[in-house]
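Here's the structure, in structure tokens; my notes come after.
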Amino acid sequence: MFSVGASDHDSNICALDRSVATPSDFQLLCFYINATSRIQVIRITNIPNFHWEKVILPGQKLLFETVADAQLEIHTSQNGANVIADVIPCQQLRVTEEKLKFTK
């Protein structure tokens, strides 16, 4: 388990999820946080013959490894319907040394 940028009042822990691809395919370490007050379902569906999905609670943080071309779909529930709220290229979620300094 990894704690990423957790403060004294924020005990959310995020796990490194390695289920996105096979180890030889990993190219990006990515970080995502659900900064909303809603439960989200995040998915990577643009990789052929592959589907990855996680339920993310409000405030929850997740580290995951994926391939360079992956796009993260963010789904929320609105009036009982599942809505795609955003699609983010995983390159934008990539963990870098500069971003690590920011989260400390």
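By order of appearance in the structure tokens: chains A, B, ..., then residues from 1 within every chain, and ligands from 1 in the order shown.
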**Q.** Residues within 9 Å of segment 28-36 of chain A, only C-alpha atoms, excluding chain neighbours under 2 positions, as a count of residues only
**A.** 26
Q: Check the smallest atom-to-atom distance from each of A:His51, A:Ile42, A:Gln27, A:Ser37 to Asn82 of chain A using only C-alpha atoms, then report the winner.
A: A:Ile42
Q: In Å, rounded to a single decimal, give me how far atom CA of Phe50 of chain A is from atom CA of Val83 of chain A.
A: 21.1 Å
Q. Mind pulling up the distance from atom CA of Trp52 of chain A to atom CA of Asn79 of chain A?
A. 24.8 Å
